[in-house]
Structures are given as structure tokens and as C-alpha cells.
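Text of the file work33.pdb, holding PDB, C-alpha atoms, pLDDT in the B column:
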```
ATOM      1  CA  MET A  62     112.641  48.049  85.138  1.00 54.00           C
ATOM      2  CA  ALA A  63     112.878  51.187  83.041  1.00 58.00           C
ATOM      3  CA  THR A  64     116.037  53.227  83.280  1.00 62.00           C
ATOM      4  CA  LYS A  65     116.168  57.013  83.493  1.00 62.00           C
ATOM      5  CA  THR A  66     117.489  57.210  79.952  1.00 59.00           C
ATOM      6  CA  GLN A  67     114.478  55.263  78.712  1.00 56.00           C
ATOM      7  CA  THR A  68     111.911  57.376  80.495  1.00 61.00           C
ATOM      8  CA  GLY A  69     113.654  60.704  81.125  1.00 77.00           C
ATOM      9  CA  THR A  70     113.426  62.720  84.286  1.00 89.00           C
ATOM     10  CA  ILE A  71     110.838  65.164  85.548  1.00 91.00           C
ATOM     11  CA  GLU A  72     113.325  68.035  85.469  1.00 93.00           C
ATOM     12  CA  GLY A  73     114.539  67.123  81.989  1.00 93.00           C
ATOM     13  CA  LEU A  74     111.024  66.976  80.611  1.00 93.00           C
ATOM     14  CA  LYS A  75     110.074  70.214  82.334  1.00 94.00           C
ATOM     15  CA  ARG A  76     113.058  71.943  80.708  1.00 93.00           C
ATOM     16  CA  GLN A  77     112.175  70.474  77.321  1.00 93.00           C
ATOM     17  CA  ILE A  78     108.509  71.547  77.551  1.00 93.00           C
ATOM     18  CA  LYS A  79     109.480  75.014  78.786  1.00 93.00           C
ATOM     19  CA  LYS A  80     111.927  75.386  75.878  1.00 93.00           C
ATOM     20  CA  VAL A  81     109.322  74.395  73.297  1.00 91.00           C
ATOM     21  CA  LEU A  82     106.809  76.806  74.801  1.00 91.00           C
ATOM     22  CA  SER A  83     109.409  79.576  75.005  1.00 91.00           C
ATOM     23  CA  ASP A  84     110.487  79.040  71.392  1.00 89.00           C
ATOM     24  CA  TYR A  85     107.021  79.867  70.091  1.00 85.00           C
ATOM     25  CA  GLY A  86     106.253  82.504  72.713  1.00 87.00           C
ATOM     26  CA  GLY A  87     103.737  80.451  74.649  1.00 87.00           C
ATOM     27  CA  TYR A  88     105.557  80.290  77.981  1.00 90.00           C
ATOM     28  CA  ASP A  89     104.957  82.330  81.086  1.00 89.00           C
ATOM     29  CA  ASP A  90     105.669  81.662  84.753  1.00 90.00           C
ATOM     30  CA  THR A  91     102.068  80.708  85.534  1.00 92.00           C
ATOM     31  CA  LEU A  92     102.490  77.449  83.580  1.00 93.00           C
ATOM     32  CA  GLY A  93     104.981  75.929  86.034  1.00 93.00           C
ATOM     33  CA  LEU A  94     102.561  73.540  87.734  1.00 94.00           C
ATOM     34  CA  GLN A  95     100.854  72.535  84.481  1.00 95.00           C
ATOM     35  CA  ILE A  96     104.258  71.781  82.954  1.00 95.00           C
ATOM     36  CA  GLU A  97     105.146  69.613  85.955  1.00 95.00           C
ATOM     37  CA  LEU A  98     101.844  67.738  85.682  1.00 96.00           C
ATOM     38  CA  VAL A  99     102.341  67.089  81.973  1.00 96.00           C
ATOM     39  CA  ALA A 100     105.954  65.976  82.530  1.00 95.00           C
ATOM     40  CA  THR A 101     104.770  63.548  85.221  1.00 96.00           C
ATOM     41  CA  ASP A 102     102.007  62.219  82.972  1.00 96.00           C
ATOM     42  CA  ILE A 103     104.521  61.659  80.167  1.00 95.00           C
ATOM     43  CA  LEU A 104     106.832  59.712  82.484  1.00 96.00           C
ATOM     44  CA  VAL A 105     103.956  57.523  83.664  1.00 96.00           C
ATOM     45  CA  TYR A 106     102.996  56.916  80.029  1.00 96.00           C
ATOM     46  CA  ARG A 107     106.560  55.945  79.164  1.00 95.00           C
ATOM     47  CA  LYS A 108     106.819  53.510  82.085  1.00 95.00           C
ATOM     48  CA  LEU A 109     103.532  51.864  81.137  1.00 97.00           C
ATOM     49  CA  ARG A 110     104.659  51.622  77.515  1.00 96.00           C
ATOM     50  CA  ILE A 111     107.982  50.035  78.472  1.00 96.00           C
ATOM     51  CA  ALA A 112     106.216  47.529  80.725  1.00 97.00           C
ATOM     52  CA  LEU A 113     103.686  46.641  78.031  1.00 96.00           C
ATOM     53  CA  LEU A 114     106.279  46.261  75.283  1.00 96.00           C
ATOM     54  CA  ASP A 115     108.578  44.092  77.400  1.00 96.00           C
ATOM     55  CA  PRO A 116     109.053  40.796  75.516  1.00 96.00           C
ATOM     56  CA  GLU A 117     107.949  38.866  78.608  1.00 96.00           C
ATOM     57  CA  THR A 118     104.672  40.757  78.951  1.00 96.00           C
ATOM     58  CA  ASN A 119     101.683  38.978  77.438  1.00 95.00           C
ATOM     59  CA  LEU A 120      99.152  41.109  75.612  1.00 95.00           C
ATOM     60  CA  VAL A 121      96.501  38.492  76.327  1.00 95.00           C
ATOM     61  CA  ASN A 122      96.142  36.600  79.594  1.00 94.00           C
ATOM     62  CA  VAL A 123      94.370  33.288  80.118  1.00 94.00           C
ATOM     63  CA  GLU A 124      91.979  33.281  83.065  1.00 93.00           C
ATOM     64  CA  LEU A 125      89.849  30.548  84.529  1.00 93.00           C
ATOM     65  CA  SER A 126      86.173  31.196  85.060  1.00 91.00           C
ATOM     66  CA  ARG A 127      84.352  29.970  88.185  1.00 93.00           C
ATOM     67  CA  GLU A 128      83.272  27.001  86.138  1.00 94.00           C
ATOM     68  CA  GLY A 129      86.890  26.222  85.296  1.00 92.00           C
ATOM     69  CA  ASP A 130      86.684  27.307  81.666  1.00 94.00           C
ATOM     70  CA  GLU A 131      89.560  29.188  80.104  1.00 95.00           C
ATOM     71  CA  ARG A 132      88.945  32.652  78.714  1.00 95.00           C
ATOM     72  CA  LEU A 133      91.230  35.218  77.197  1.00 96.00           C
ATOM     73  CA  ARG A 134      91.515  38.706  78.657  1.00 95.00           C
ATOM     74  CA  VAL A 135      93.450  41.609  77.242  1.00 96.00           C
ATOM     75  CA  ASN A 136      96.273  42.656  79.553  1.00 96.00           C
ATOM     76  CA  PRO A 137      95.035  45.590  81.688  1.00 96.00           C
ATOM     77  CA  LEU A 138      98.233  47.474  80.773  1.00 96.00           C
ATOM     78  CA  VAL A 139      96.774  47.993  77.278  1.00 96.00           C
ATOM     79  CA  PHE A 140      93.830  49.910  78.703  1.00 97.00           C
ATOM     80  CA  GLU A 141      95.979  51.788  81.207  1.00 97.00           C
ATOM     81  CA  LEU A 142      98.332  52.896  78.427  1.00 97.00           C
ATOM     82  CA  ARG A 143      95.397  54.141  76.361  1.00 97.00           C
ATOM     83  CA  GLU A 144      93.988  56.104  79.292  1.00 97.00           C
ATOM     84  CA  GLN A 145      97.381  57.577  80.119  1.00 97.00           C
ATOM     85  CA  SER A 146      97.796  58.537  76.476  1.00 96.00           C
ATOM     86  CA  LYS A 147      94.532  60.502  76.670  1.00 96.00           C
ATOM     87  CA  THR A 148      95.732  62.189  79.853  1.00 96.00           C
ATOM     88  CA  VAL A 149      98.991  63.228  78.176  1.00 95.00           C
ATOM     89  CA  GLN A 150      97.119  64.520  75.133  1.00 94.00           C
ATOM     90  CA  LYS A 151      94.823  66.634  77.325  1.00 94.00           C
ATOM     91  CA  GLY A 152      97.812  68.018  79.203  1.00 94.00           C
ATOM     92  CA  LEU A 153      99.621  68.884  75.996  1.00 93.00           C
ATOM     93  CA  ASP A 154      96.438  70.455  74.689  1.00 92.00           C
ATOM     94  CA  SER A 155      96.202  72.660  77.778  1.00 90.00           C
ATOM     95  CA  LEU A 156      99.725  73.857  76.993  1.00 92.00           C
ATOM     96  CA  THR A 157      98.806  74.281  73.286  1.00 88.00           C
ATOM     97  CA  MET A 158     101.404  71.687  72.334  1.00 87.00           C
ATOM     98  CA  ASN A 159      99.492  69.338  70.042  1.00 75.00           C
ATOM     99  CA  ILE A 160      98.140  69.644  66.506  1.00 67.00           C
ATOM    100  CA  LYS A 161      94.574  70.554  67.515  1.00 60.00           C
ATOM    101  CA  SER A 162      95.565  73.253  69.979  1.00 58.00           C
ATOM    102  CA  LYS A 163      98.338  74.504  67.691  1.00 58.00           C
ATOM    103  CA  LYS A 164      95.761  75.263  64.989  1.00 57.00           C
ATOM    104  CA  GLU A 165      93.586  77.051  67.556  1.00 56.00           C
ATOM    105  CA  ARG A 166      96.622  78.998  68.789  1.00 56.00           C
ATOM    106  CA  GLU A 167      97.463  80.135  65.250  1.00 55.00           C
ATOM    107  CA  VAL A 168      93.913  81.417  64.748  1.00 52.00           C
ATOM    108  CA  VAL A 169      94.045  83.279  68.053  1.00 50.00           C
ATOM    109  CA  GLU A 170      97.431  84.775  67.230  1.00 55.00           C
ATOM    110  CA  ASP A 171      96.237  85.901  63.784  1.00 59.00           C
ATOM    111  CA  THR A 172      93.185  87.573  65.300  1.00 58.00           C
ATOM    112  CA  PHE A 173      95.301  89.299  67.922  1.00 55.00           C
ATOM    113  CA  ASN A 174      97.835  90.455  65.326  1.00 60.00           C
ATOM    114  CA  LYS A 175      95.055  91.887  63.174  1.00 63.00           C
ATOM    115  CA  PHE A 176      93.639  93.687  66.189  1.00 58.00           C
ATOM    116  CA  MET A 177      97.042  95.148  67.035  1.00 57.00           C
ATOM    117  CA  GLU A 178      97.593  96.244  63.428  1.00 64.00           C
ATOM    118  CA  GLU A 179      94.233  98.017  63.373  1.00 61.00           C
ATOM    119  CA  LEU A 180      94.964  99.624  66.724  1.00 57.00           C
ATOM    120  CA  ASN A 181      98.320 100.889  65.478  1.00 61.00           C
ATOM    121  CA  LYS A 182      96.754 102.320  62.284  1.00 64.00           C
ATOM    122  CA  ASP A 183      94.580 104.642  64.358  1.00 53.00           C
ATOM    123  CA  ASP A 184      97.685 106.273  65.907  1.00 48.00           C
TER     124      ASP A 184
END
```

Write out the structure in this file as C-alpha cells.
Amino acid sequence: MATKTQTGTIEGLKRQIKKVLSDYGGYDDTLGLQIELVATDILVYRKLRIALLDPETNLVNVELSREGDERLRVNPLVFELREQSKTVQKGLDSLTMNIKSKKEREVVEDTFNKFMEELNKDD
């Protein structure tokens, strides 16, 4: 079983996400629910990862077919971890906290700054 120090807490992750967003000026009060969703998704990801990387967890399971033949199946945790990873990435993207969205944010900020500079020149 994962401990709190291995996975973190919802409140701790929310504070951390809020701080990162605040540090680059991307935080406002309307993001509260999205931050909570992303923090929850990260905790689920971490629990899945810990379970999958446990030394007693097999990455491949042996199953018996109806005919009694053995076949190998990848542990479903592998697929669940991949899906959860995509969910976390989408959540971080919605908060502009990954590489792709960071580049988009910089372009938007540059355009806005140019607009504001032009607006101020007219005064």
C-alpha cells in the first residue's frame, strides 16, 4: 500500500499547482476545481505507478484459454497507467502546465504584450 509521502495529498498537490501557476501569473480563482481534478488525477497516477512497480507485481500474467492452453497477457495495470498518464497530461495542458501548452502560452503572452505596447503608444 502506498503511503502519503509516496503519493502526496490532494491539499499538498493543490498548493503546489497553485504556487506554480501563481509564480508565472497563470492563476486565478476560477481554476480551483480544475486544480483539484488535476491533483486527484496525479494521485491516481502515482498509486497506479506504485502498484505496477511493486516487485511482486508481474508485468505479464499467464492465463489459460478455454482449451487449456497457456497464453501471456500484459498486466492491465500497464494500460491503466498509460491512460491515467494521458488524463494527467490533458489536465496539465488545460492549466498550461506542460511543454506544449507553455509554448502556446508564451505566444499568447507575446501577442498580448505587443497589443498593450501599441495601445500605450497611442496615448

Task: All residues 12 Å or closer to region 77-80 of chain A, only C-alpha atoms, same chain fewer than 5 positions away omitted, as an MDAnalysis selection string - done: chainID A and resid 69:72 85:101 103 152:153 156:159

Serialized selection, C-alpha atoms, as a PDB file, keeping the file's coordinate frame:
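The resulting selection.pdb:
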```pdb
ATOM      1  CA  GLY A  69     113.654  60.704  81.125  1.00 77.00           C
ATOM      2  CA  THR A  70     113.426  62.720  84.286  1.00 89.00           C
ATOM      3  CA  ILE A  71     110.838  65.164  85.548  1.00 91.00           C
ATOM      4  CA  GLU A  72     113.325  68.035  85.469  1.00 93.00           C
ATOM      5  CA  TYR A  85     107.021  79.867  70.091  1.00 85.00           C
ATOM      6  CA  GLY A  86     106.253  82.504  72.713  1.00 87.00           C
ATOM      7  CA  GLY A  87     103.737  80.451  74.649  1.00 87.00           C
ATOM      8  CA  TYR A  88     105.557  80.290  77.981  1.00 90.00           C
ATOM      9  CA  ASP A  89     104.957  82.330  81.086  1.00 89.00           C
ATOM     10  CA  ASP A  90     105.669  81.662  84.753  1.00 90.00           C
ATOM     11  CA  THR A  91     102.068  80.708  85.534  1.00 92.00           C
ATOM     12  CA  LEU A  92     102.490  77.449  83.580  1.00 93.00           C
ATOM     13  CA  GLY A  93     104.981  75.929  86.034  1.00 93.00           C
ATOM     14  CA  LEU A  94     102.561  73.540  87.734  1.00 94.00           C
ATOM     15  CA  GLN A  95     100.854  72.535  84.481  1.00 95.00           C
ATOM     16  CA  ILE A  96     104.258  71.781  82.954  1.00 95.00           C
ATOM     17  CA  GLU A  97     105.146  69.613  85.955  1.00 95.00           C
ATOM     18  CA  LEU A  98     101.844  67.738  85.682  1.00 96.00           C
ATOM     19  CA  VAL A  99     102.341  67.089  81.973  1.00 96.00           C
ATOM     20  CA  ALA A 100     105.954  65.976  82.530  1.00 95.00           C
ATOM     21  CA  THR A 101     104.770  63.548  85.221  1.00 96.00           C
ATOM     22  CA  ILE A 103     104.521  61.659  80.167  1.00 95.00           C
ATOM     23  CA  GLY A 152      97.812  68.018  79.203  1.00 94.00           C
ATOM     24  CA  LEU A 153      99.621  68.884  75.996  1.00 93.00           C
ATOM     25  CA  LEU A 156      99.725  73.857  76.993  1.00 92.00           C
ATOM     26  CA  THR A 157      98.806  74.281  73.286  1.00 88.00           C
ATOM     27  CA  MET A 158     101.404  71.687  72.334  1.00 87.00           C
ATOM     28  CA  ASN A 159      99.492  69.338  70.042  1.00 75.00           C
TER      29      ASN A 159
END
```

To test your reading of the syntax: which residues would the PyMOL selection byres ((chain A and resi 136-150) around 7) return for the file shown? Reply as a compact mmCIF listing (two decimals) with C-alpha atoms, keeping the file's coordinate frame.
```
# COMPACT_ATOMS: atom_id res chain seq x y z
CA VAL A 99 102.34 67.09 81.97
CA ASP A 102 102.01 62.22 82.97
CA ILE A 103 104.52 61.66 80.17
CA TYR A 106 103.00 56.92 80.03
CA LEU A 109 103.53 51.86 81.14
CA ARG A 110 104.66 51.62 77.52
CA LEU A 113 103.69 46.64 78.03
CA ASN A 119 101.68 38.98 77.44
CA LEU A 120 99.15 41.11 75.61
CA VAL A 121 96.50 38.49 76.33
CA ASN A 122 96.14 36.60 79.59
CA ARG A 134 91.52 38.71 78.66
CA VAL A 135 93.45 41.61 77.24
CA LYS A 151 94.82 66.63 77.32
CA GLY A 152 97.81 68.02 79.20
CA LEU A 153 99.62 68.88 76.00
CA ASP A 154 96.44 70.46 74.69
```

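When CA of Gly73 (chain A) is paired with CA of Arg107 (chain A), their separation reads 14.0 Å.
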
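We find CA of Lys108 (chain A) and CA of Val123 (chain A) to be spaced 23.8 Å apart.
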
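The interatomic distance for the pair CA of Asp130 (chain A) and CA of Thr118 (chain A) works out to 22.6 Å.
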